[in-house]
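Have a look at work-v2.csv; it's CSV, C-alpha atoms:
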chain,number,residue,atom,x,y,z
A,9,MET,CA,5.3,5.0,2.6
A,10,ALA,CA,3.4,2.3,0.8
A,11,ALA,CA,2.7,0.4,4.1
A,12,LEU,CA,1.3,3.5,5.7
A,13,VAL,CA,-1.0,4.0,2.7
A,14,LEU,CA,-2.2,0.4,2.6
A,15,ALA,CA,-2.9,0.6,6.4
A,16,ARG,CA,-4.6,3.9,6.1
A,17,MET,CA,-2.2,5.3,8.6
A,18,PRO,CA,-1.2,8.9,8.0
A,19,PRO,CA,2.5,9.6,8.8
A,20,ALA,CA,3.0,10.6,12.5
A,21,THR,CA,4.6,13.9,11.5
A,22,ILE,CA,1.4,15.0,9.7
A,23,LEU,CA,-0.7,14.0,12.7
A,24,ALA,CA,1.6,15.7,15.1
A,25,GLU,CA,1.6,19.0,13.1
A,26,GLU,CA,-2.1,18.9,12.7
A,27,THR,CA,-2.5,18.4,16.5
A,28,ALA,CA,-0.1,21.3,17.2
A,29,THR,CA,-2.1,23.5,14.9
A,30,ILE,CA,-5.4,22.5,16.6
A,31,LEU,CA,-3.9,23.1,20.1
A,32,ALA,CA,-2.6,26.6,19.0
A,33,GLU,CA,-6.1,27.4,17.6
A,34,GLU,CA,-7.8,26.2,20.8
A,35,ARG,CA,-5.5,28.4,22.9
A,36,ARG,CA,-6.4,31.3,20.8
A,37,LEU,CA,-10.1,30.5,21.0
A,38,VAL,CA,-9.9,30.1,24.8
A,39,ALA,CA,-8.5,33.6,25.0
A,40,VAL,CA,-11.3,35.0,22.8
A,41,ALA,CA,-13.9,32.9,24.7
A,42,ARG,CA,-12.8,34.3,28.0
A,43,LYS,CA,-13.8,37.7,26.6
A,44,SER,CA,-17.0,36.7,24.8
A,45,GLY,CA,-18.1,33.8,27.0
A,46,ALA,CA,-18.3,31.3,24.1
A,47,PHE,CA,-15.9,28.5,23.3
A,48,ARG,CA,-16.0,25.9,20.6
A,49,SER,CA,-13.2,23.4,20.1
A,50,ARG,CA,-11.9,22.7,16.5
A,51,GLN,CA,-11.7,19.0,15.7
A,52,VAL,CA,-9.0,17.3,13.8
A,53,SER,CA,-9.8,17.8,10.1
A,54,GLU,CA,-9.6,14.4,8.3
A,55,GLU,CA,-9.6,16.2,5.0
A,56,ASP,CA,-6.7,18.5,6.1
A,57,ILE,CA,-4.7,15.4,7.1
A,58,ILE,CA,-5.5,13.6,3.8
A,59,ARG,CA,-4.6,16.7,1.8
A,60,ARG,CA,-1.2,17.1,3.5
A,61,TRP,CA,-0.6,13.3,3.2
A,62,GLN,CA,-1.4,13.5,-0.5
A,63,GLU,CA,1.2,16.3,-0.9
A,64,LEU,CA,3.8,14.1,0.8
A,65,TRP,CA,2.7,11.1,-1.3
A,66,ASP,CA,3.0,13.0,-4.5
A,67,SER,CA,6.5,14.3,-3.6
A,68,THR,CA,8.2,11.2,-2.3
A,69,PRO,CA,10.5,9.2,-4.5
A,70,LYS,CA,9.6,6.0,-2.6
A,71,ALA,CA,6.8,3.6,-3.4
A,72,ALA,CA,6.6,4.4,-7.1
A,73,TRP,CA,4.7,1.2,-8.0
A,74,THR,CA,2.1,1.7,-5.2
A,75,LYS,CA,1.8,5.4,-6.2
A,76,ARG,CA,1.1,4.3,-9.7
A,77,LEU,CA,-1.7,2.0,-8.6
A,78,ILE,CA,-3.1,4.2,-5.8
A,79,PRO,CA,-2.5,7.8,-6.9
A,80,CYS,CA,-5.4,9.3,-4.9
A,81,LEU,CA,-5.2,8.9,-1.2
A,82,ARG,CA,-8.6,10.5,-0.6
A,83,SER,CA,-10.3,7.8,-2.7
A,84,TRP,CA,-8.3,5.0,-1.1
A,85,TRP,CA,-9.0,6.4,2.4
A,86,HIS,CA,-12.8,6.6,1.9
A,87,PHE,CA,-13.6,3.9,-0.7
A,88,GLY,CA,-10.7,1.4,-0.8
A,89,PRO,CA,-11.1,-2.1,0.5
A,90,ARG,CA,-11.0,-2.4,4.3
A,91,ARG,CA,-9.2,-5.7,4.4
A,92,ILE,CA,-6.2,-6.5,2.3
A,93,SER,CA,-4.8,-10.0,2.0
A,94,PHE,CA,-1.1,-10.9,2.2
A,95,HIS,CA,-1.0,-11.5,-1.6
A,96,MET,CA,-2.7,-8.2,-2.3
A,97,VAL,CA,-0.1,-6.4,-0.3
A,98,GLN,CA,2.6,-8.0,-2.4
A,99,ALA,CA,0.8,-7.0,-5.6
A,100,LEU,CA,0.2,-3.4,-4.4
A,101,THR,CA,3.8,-2.9,-3.2
A,102,GLY,CA,5.8,-5.0,-5.6
A,103,HIS,CA,7.5,-6.7,-2.6
A,104,GLY,CA,7.5,-10.4,-1.9
A,105,CYS,CA,7.2,-13.1,-4.4
A,106,PHE,CA,8.5,-11.4,-7.5
A,107,GLN,CA,11.8,-12.7,-8.8
A,108,MET,CA,13.2,-9.2,-9.4
A,109,TYR,CA,12.5,-8.2,-5.8
A,110,LEU,CA,13.9,-11.5,-4.5
A,111,ALA,CA,17.0,-11.3,-6.7
A,112,ALA,CA,17.8,-7.7,-5.6
A,113,ARG,CA,17.9,-9.1,-2.0
A,114,GLY,CA,20.0,-12.2,-2.8
A,115,ARG,CA,17.0,-14.5,-2.3
A,116,ALA,CA,16.8,-15.6,-6.0
A,117,GLU,CA,19.5,-16.3,-8.5
A,118,SER,CA,17.9,-14.4,-11.3
A,119,PRO,CA,15.3,-11.6,-11.8
A,120,ALA,CA,13.8,-13.6,-14.7
A,121,CYS,CA,10.3,-14.9,-14.6
A,122,VAL,CA,10.0,-18.6,-13.8
A,123,LEU,CA,6.7,-18.9,-15.6
A,124,CYS,CA,7.5,-17.4,-19.0
A,125,ASP,CA,10.6,-16.2,-20.9
A,126,ALA,CA,10.6,-12.6,-19.6
A,127,ASP,CA,13.9,-11.3,-18.4
A,128,ASN,CA,12.4,-9.4,-15.4
A,129,ASP,CA,9.6,-10.6,-13.1
A,130,ASP,CA,8.2,-7.7,-11.1
A,131,ALA,CA,4.7,-6.9,-10.0
A,132,GLU,CA,3.8,-5.2,-13.3
A,133,HIS,CA,5.0,-8.2,-15.4
A,134,THR,CA,3.2,-10.8,-13.3
A,135,LEU,CA,-0.1,-8.9,-13.0
A,136,PHE,CA,-0.3,-7.3,-16.5
A,137,ASN,CA,2.1,-9.1,-18.9
A,138,CYS,CA,3.0,-12.7,-17.9
A,139,SER,CA,1.7,-15.2,-20.4
A,140,ARG,CA,1.0,-17.7,-17.5
A,141,TRP,CA,-1.8,-15.4,-16.2
A,142,GLU,CA,-3.3,-14.4,-19.6
A,143,ASP,CA,-6.5,-16.4,-19.1
A,144,LYS,CA,-7.1,-14.8,-15.7
A,145,ARG,CA,-6.5,-11.3,-17.1
A,146,ARG,CA,-8.9,-12.0,-19.9
A,147,ASP,CA,-11.6,-13.1,-17.4
A,148,LEU,CA,-11.1,-9.9,-15.4
A,149,GLU,CA,-11.3,-7.8,-18.5
A,150,ARG,CA,-14.5,-9.5,-19.5
A,151,ALA,CA,-15.9,-9.0,-16.0
A,152,VAL,CA,-15.1,-5.3,-15.8
A,153,GLY,CA,-15.8,-4.6,-19.5
A,154,MET,CA,-12.4,-3.0,-20.3
A,155,SER,CA,-8.7,-3.8,-20.7
A,156,VAL,CA,-6.9,-3.3,-17.4
A,157,LEU,CA,-3.7,-1.3,-17.0
A,158,PRO,CA,-1.9,-0.4,-13.8
A,159,GLU,CA,-3.4,3.0,-13.9
A,160,ASP,CA,-6.9,1.4,-13.6
A,161,VAL,CA,-6.2,-0.4,-10.3
A,162,GLY,CA,-7.2,2.6,-8.2
A,163,TYR,CA,-10.5,2.8,-10.1
A,164,LEU,CA,-11.2,-0.9,-9.8
A,165,LEU,CA,-10.4,-1.0,-6.0
A,166,CYS,CA,-12.0,2.3,-5.0
A,167,GLY,CA,-14.5,3.3,-7.7
A,168,PRO,CA,-14.5,6.6,-9.6
A,169,GLU,CA,-13.0,9.6,-7.8
A,170,ARG,CA,-15.8,11.4,-5.9
A,171,GLU,CA,-16.2,14.9,-4.6

Represent the structure contained in this file as structure tokens.
Amino acid sequence: MAALVLARMPPATILAEETATILAEERRLVAVARKSGAFRSRQVSEEDIIRRWQELWDSTPKAAWTKRLIPCLRSWWHFGPRRISFHMVQALTGHGCFQMYLAARGRAESPACVLCDADNDDAEHTLFNCSRWEDKRRDLERAVGMSVLPEDVGYLLCGPERE
């Protein structure tokens, strides 16, 4: 789920259902057009796809960390960064270089942070709590004029929610 969001790639099931709805509507319009002589095809509605995808995103138990950082798919779709680095993907998904993630997969001996004395090193710890990165967090907070929490990431990456 998180990979689809970061790639701006709606789930195939939603795209297939939307296409089926459009084809059914077009068949209906063709029948009406034959009688009236006018025909206009309905295009795939990006907003309908995003709305359905948001419903799926809100209801899935997967990708909890990514959902916390990117709760609004509409904002991400329209205003999020177009290119995402390898390290940014790790930060947004919580996968990769974090000791907790690695330990859960047998790739690290302990979930403890190797940079400070924290018992668990996950994305939230590294990005928002680890003492090793305190100076960088302070620089960021000065630059944006506010303290930064996980719930602020969507705003920082996409800007305020827009109508």

#### Entry: Nearest to Trp65 (chain A), chosen from A:Leu81, A:Ala99, A:Cys105, A:Met17, with all atoms listed in the file counted in the distances
A:Leu81

### Message
So that I can check the surroundings of Tyr109 (chain A), please list as a count of residues only every protein, DNA and RNA residue that reaches within 12 Å of it, counting all atoms listed in the file and ignoring chain neighbours fewer than 6 positions away.
### Response
17

### Message
Just the number, please: distance in Å from CA of Arg145 (chain A) to CA of Lys70 (chain A), one decimal.
### Response
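Distance between the two atoms: 27.7 Å.
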
### Task
Could you tell me how far CA of Met9 (chain A) lies from CA of Asp66 (chain A), in Å and to one decimal?
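One can read the CA of Met9 (chain A) to CA of Asp66 (chain A) distance as 10.9 Å.
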
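Between CA of Lys144 (chain A) and CA of Val122 (chain A) the separation is 17.6 Å.
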
Which polymer residues have any atom within 12 Å of an atom of Asp160 (chain A), counting all atoms listed in the file, with same-chain residues fewer than 6 positions away left out, as an mmCIF file with C-alpha atoms, in the frame of the given file?
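Result file follows (around_35.cif):
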data_model
loop_
_atom_site.group_PDB
_atom_site.id
_atom_site.type_symbol
_atom_site.label_atom_id
_atom_site.label_comp_id
_atom_site.auth_asym_id
_atom_site.auth_seq_id
_atom_site.Cartn_x
_atom_site.Cartn_y
_atom_site.Cartn_z
ATOM 1 C CA ARG A 76 1.100 4.300 -9.700
ATOM 2 C CA LEU A 77 -1.700 2.000 -8.600
ATOM 3 C CA ILE A 78 -3.100 4.200 -5.800
ATOM 4 C CA PRO A 79 -2.500 7.800 -6.900
ATOM 5 C CA CYS A 80 -5.400 9.300 -4.900
ATOM 6 C CA PHE A 136 -0.300 -7.300 -16.500
ATOM 7 C CA GLU A 149 -11.300 -7.800 -18.500
ATOM 8 C CA VAL A 152 -15.100 -5.300 -15.800
ATOM 9 C CA MET A 154 -12.400 -3.000 -20.300
ATOM 10 C CA CYS A 166 -12.000 2.300 -5.000
ATOM 11 C CA GLY A 167 -14.500 3.300 -7.700
ATOM 12 C CA PRO A 168 -14.500 6.600 -9.600
ATOM 13 C CA GLU A 169 -13.000 9.600 -7.800
#

Ser53 (chain A) surroundings by all atoms listed in the file, 12 Å radius, close-in-sequence under 5 positions cut, as a PDB file with C-alpha atoms, in the frame of the given file:
ATOM      1  CA  ILE A  22       1.400  15.000   9.700  1.00  0.00           C
ATOM      2  CA  LEU A  23      -0.700  14.000  12.700  1.00  0.00           C
ATOM      3  CA  GLU A  25       1.600  19.000  13.100  1.00  0.00           C
ATOM      4  CA  GLU A  26      -2.100  18.900  12.700  1.00  0.00           C
ATOM      5  CA  THR A  27      -2.500  18.400  16.500  1.00  0.00           C
ATOM      6  CA  THR A  29      -2.100  23.500  14.900  1.00  0.00           C
ATOM      7  CA  ILE A  30      -5.400  22.500  16.600  1.00  0.00           C
ATOM      8  CA  ILE A  58      -5.500  13.600   3.800  1.00  0.00           C
ATOM      9  CA  ARG A  59      -4.600  16.700   1.800  1.00  0.00           C
ATOM     10  CA  ARG A  60      -1.200  17.100   3.500  1.00  0.00           C
TER      11      ARG A  60
END

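Among the candidates A:Ala24, A:Cys138, A:Leu164, A:Leu157, the one nearest to Gly88 (chain A) when counting all atoms listed in the file is A:Leu164.
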
### Task
Rank nothing, just name the residue among A:Leu110, A:Leu12, A:Arg36, A:Leu165 nearest to Pro89 (chain A), using all atoms listed in the file.
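Smallest separation from Pro89 (chain A) among the options: A:Leu165.
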
Save region 66-78 of chain A from what I just supplied, as an mmCIF file, in the first residue's frame, atoms limited to all heavy atoms.
data_model
loop_
_atom_site.group_PDB
_atom_site.id
_atom_site.type_symbol
_atom_site.label_atom_id
_atom_site.label_comp_id
_atom_site.auth_asym_id
_atom_site.auth_seq_id
_atom_site.Cartn_x
_atom_site.Cartn_y
_atom_site.Cartn_z
ATOM 1 N N ASP A 66 -7.641 4.742 4.067
ATOM 2 C CA ASP A 66 -8.113 4.958 5.436
ATOM 3 C C ASP A 66 -8.485 3.654 6.136
ATOM 4 O O ASP A 66 -8.361 3.540 7.356
ATOM 5 C CB ASP A 66 -9.327 5.895 5.449
ATOM 6 C CG ASP A 66 -8.971 7.321 5.072
ATOM 7 O OD1 ASP A 66 -7.783 7.702 5.156
ATOM 8 O OD2 ASP A 66 -9.895 8.067 4.681
ATOM 9 N N SER A 67 -8.933 2.665 5.368
ATOM 10 C CA SER A 67 -9.431 1.433 5.990
ATOM 11 C C SER A 67 -8.376 0.324 6.112
ATOM 12 O O SER A 67 -8.600 -0.632 6.844
ATOM 13 C CB SER A 67 -10.628 0.904 5.202
ATOM 14 O OG SER A 67 -10.224 0.476 3.911
ATOM 15 N N THR A 68 -7.258 0.438 5.426
ATOM 16 C CA THR A 68 -6.277 -0.644 5.471
ATOM 17 C C THR A 68 -5.491 -0.629 6.784
ATOM 18 O O THR A 68 -5.139 0.436 7.290
ATOM 19 C CB THR A 68 -5.291 -0.571 4.279
ATOM 20 O OG1 THR A 68 -4.470 -1.746 4.307
ATOM 21 C CG2 THR A 68 -4.409 0.650 4.335
ATOM 22 N N PRO A 69 -5.222 -1.810 7.339
ATOM 23 C CA PRO A 69 -4.385 -1.872 8.543
ATOM 24 C C PRO A 69 -2.889 -1.790 8.196
ATOM 25 O O PRO A 69 -2.054 -1.669 9.077
ATOM 26 C CB PRO A 69 -4.726 -3.231 9.144
ATOM 27 C CG PRO A 69 -5.135 -4.058 7.961
ATOM 28 C CD PRO A 69 -5.794 -3.111 6.991
ATOM 29 N N LYS A 70 -2.569 -1.830 6.918
ATOM 30 C CA LYS A 70 -1.170 -1.795 6.475
ATOM 31 C C LYS A 70 -0.674 -0.356 6.408
ATOM 32 O O LYS A 70 -1.443 0.590 6.389
ATOM 33 C CB LYS A 70 -1.043 -2.440 5.095
ATOM 34 C CG LYS A 70 -1.420 -3.893 5.082
ATOM 35 C CD LYS A 70 -1.305 -4.464 3.696
ATOM 36 C CE LYS A 70 -1.676 -5.934 3.702
ATOM 37 N NZ LYS A 70 -1.457 -6.539 2.400
ATOM 38 N N ALA A 71 0.642 -0.217 6.341
ATOM 39 C CA ALA A 71 1.299 1.068 6.098
ATOM 40 C C ALA A 71 0.942 2.134 7.131
ATOM 41 O O ALA A 71 0.800 3.304 6.807
ATOM 42 C CB ALA A 71 0.982 1.565 4.683
ATOM 43 N N ALA A 72 0.833 1.740 8.393
ATOM 44 C CA ALA A 72 0.414 2.688 9.439
ATOM 45 C C ALA A 72 1.340 3.900 9.533
ATOM 46 O O ALA A 72 0.867 5.033 9.685
ATOM 47 C CB ALA A 72 0.345 1.969 10.790
ATOM 48 N N TRP A 73 2.653 3.693 9.440
ATOM 49 C CA TRP A 73 3.592 4.817 9.534
ATOM 50 C C TRP A 73 3.422 5.765 8.344
ATOM 51 O O TRP A 73 3.342 6.976 8.503
ATOM 52 C CB TRP A 73 5.035 4.295 9.612
ATOM 53 C CG TRP A 73 6.057 5.381 9.565
ATOM 54 C CD1 TRP A 73 6.958 5.614 8.582
ATOM 55 C CD2 TRP A 73 6.286 6.398 10.552
ATOM 56 N NE1 TRP A 73 7.741 6.711 8.893
ATOM 57 C CE2 TRP A 73 7.339 7.204 10.093
ATOM 58 C CE3 TRP A 73 5.692 6.702 11.775
ATOM 59 C CZ2 TRP A 73 7.823 8.299 10.823
ATOM 60 C CZ3 TRP A 73 6.176 7.793 12.494
ATOM 61 C CH2 TRP A 73 7.217 8.575 12.020
ATOM 62 N N THR A 74 3.318 5.208 7.150
ATOM 63 C CA THR A 74 3.142 6.042 5.957
ATOM 64 C C THR A 74 1.810 6.782 6.017
ATOM 65 O O THR A 74 1.744 7.967 5.655
ATOM 66 C CB THR A 74 3.241 5.187 4.680
ATOM 67 O OG1 THR A 74 4.449 4.426 4.719
ATOM 68 C CG2 THR A 74 3.233 6.055 3.433
ATOM 69 N N LYS A 75 0.763 6.119 6.493
ATOM 70 C CA LYS A 75 -0.543 6.789 6.622
ATOM 71 C C LYS A 75 -0.467 7.941 7.616
ATOM 72 O O LYS A 75 -1.118 8.964 7.435
ATOM 73 C CB LYS A 75 -1.626 5.810 7.082
ATOM 74 C CG LYS A 75 -2.141 4.962 5.974
ATOM 75 C CD LYS A 75 -3.426 4.237 6.278
ATOM 76 C CE LYS A 75 -3.514 3.577 7.591
ATOM 77 N NZ LYS A 75 -4.680 2.705 7.731
ATOM 78 N N ARG A 76 0.316 7.773 8.642
ATOM 79 C CA ARG A 76 0.472 8.840 9.638
ATOM 80 C C ARG A 76 1.175 10.055 9.019
ATOM 81 O O ARG A 76 0.845 11.197 9.317
ATOM 82 C CB ARG A 76 1.268 8.305 10.817
ATOM 83 C CG ARG A 76 1.304 9.237 11.992
ATOM 84 C CD ARG A 76 1.889 8.526 13.189
ATOM 85 N NE ARG A 76 2.211 9.479 14.222
ATOM 86 C CZ ARG A 76 3.070 9.266 15.186
ATOM 87 N NH1 ARG A 76 3.689 8.107 15.263
ATOM 88 N NH2 ARG A 76 3.314 10.189 16.083
ATOM 89 N N LEU A 77 2.130 9.803 8.149
ATOM 90 C CA LEU A 77 2.872 10.884 7.512
ATOM 91 C C LEU A 77 2.122 11.493 6.325
ATOM 92 O O LEU A 77 2.214 12.693 6.076
ATOM 93 C CB LEU A 77 4.239 10.376 7.026
ATOM 94 C CG LEU A 77 5.168 9.805 8.089
ATOM 95 C CD1 LEU A 77 6.440 9.281 7.446
ATOM 96 C CD2 LEU A 77 5.484 10.835 9.157
ATOM 97 N N ILE A 78 1.419 10.657 5.593
ATOM 98 C CA ILE A 78 0.691 11.099 4.391
ATOM 99 C C ILE A 78 -0.766 10.670 4.530
ATOM 100 O O ILE A 78 -1.199 9.688 3.917
ATOM 101 C CB ILE A 78 1.312 10.498 3.113
ATOM 102 C CG1 ILE A 78 2.800 10.811 3.038
ATOM 103 C CG2 ILE A 78 0.585 11.004 1.872
ATOM 104 C CD1 ILE A 78 3.533 10.084 1.931
#
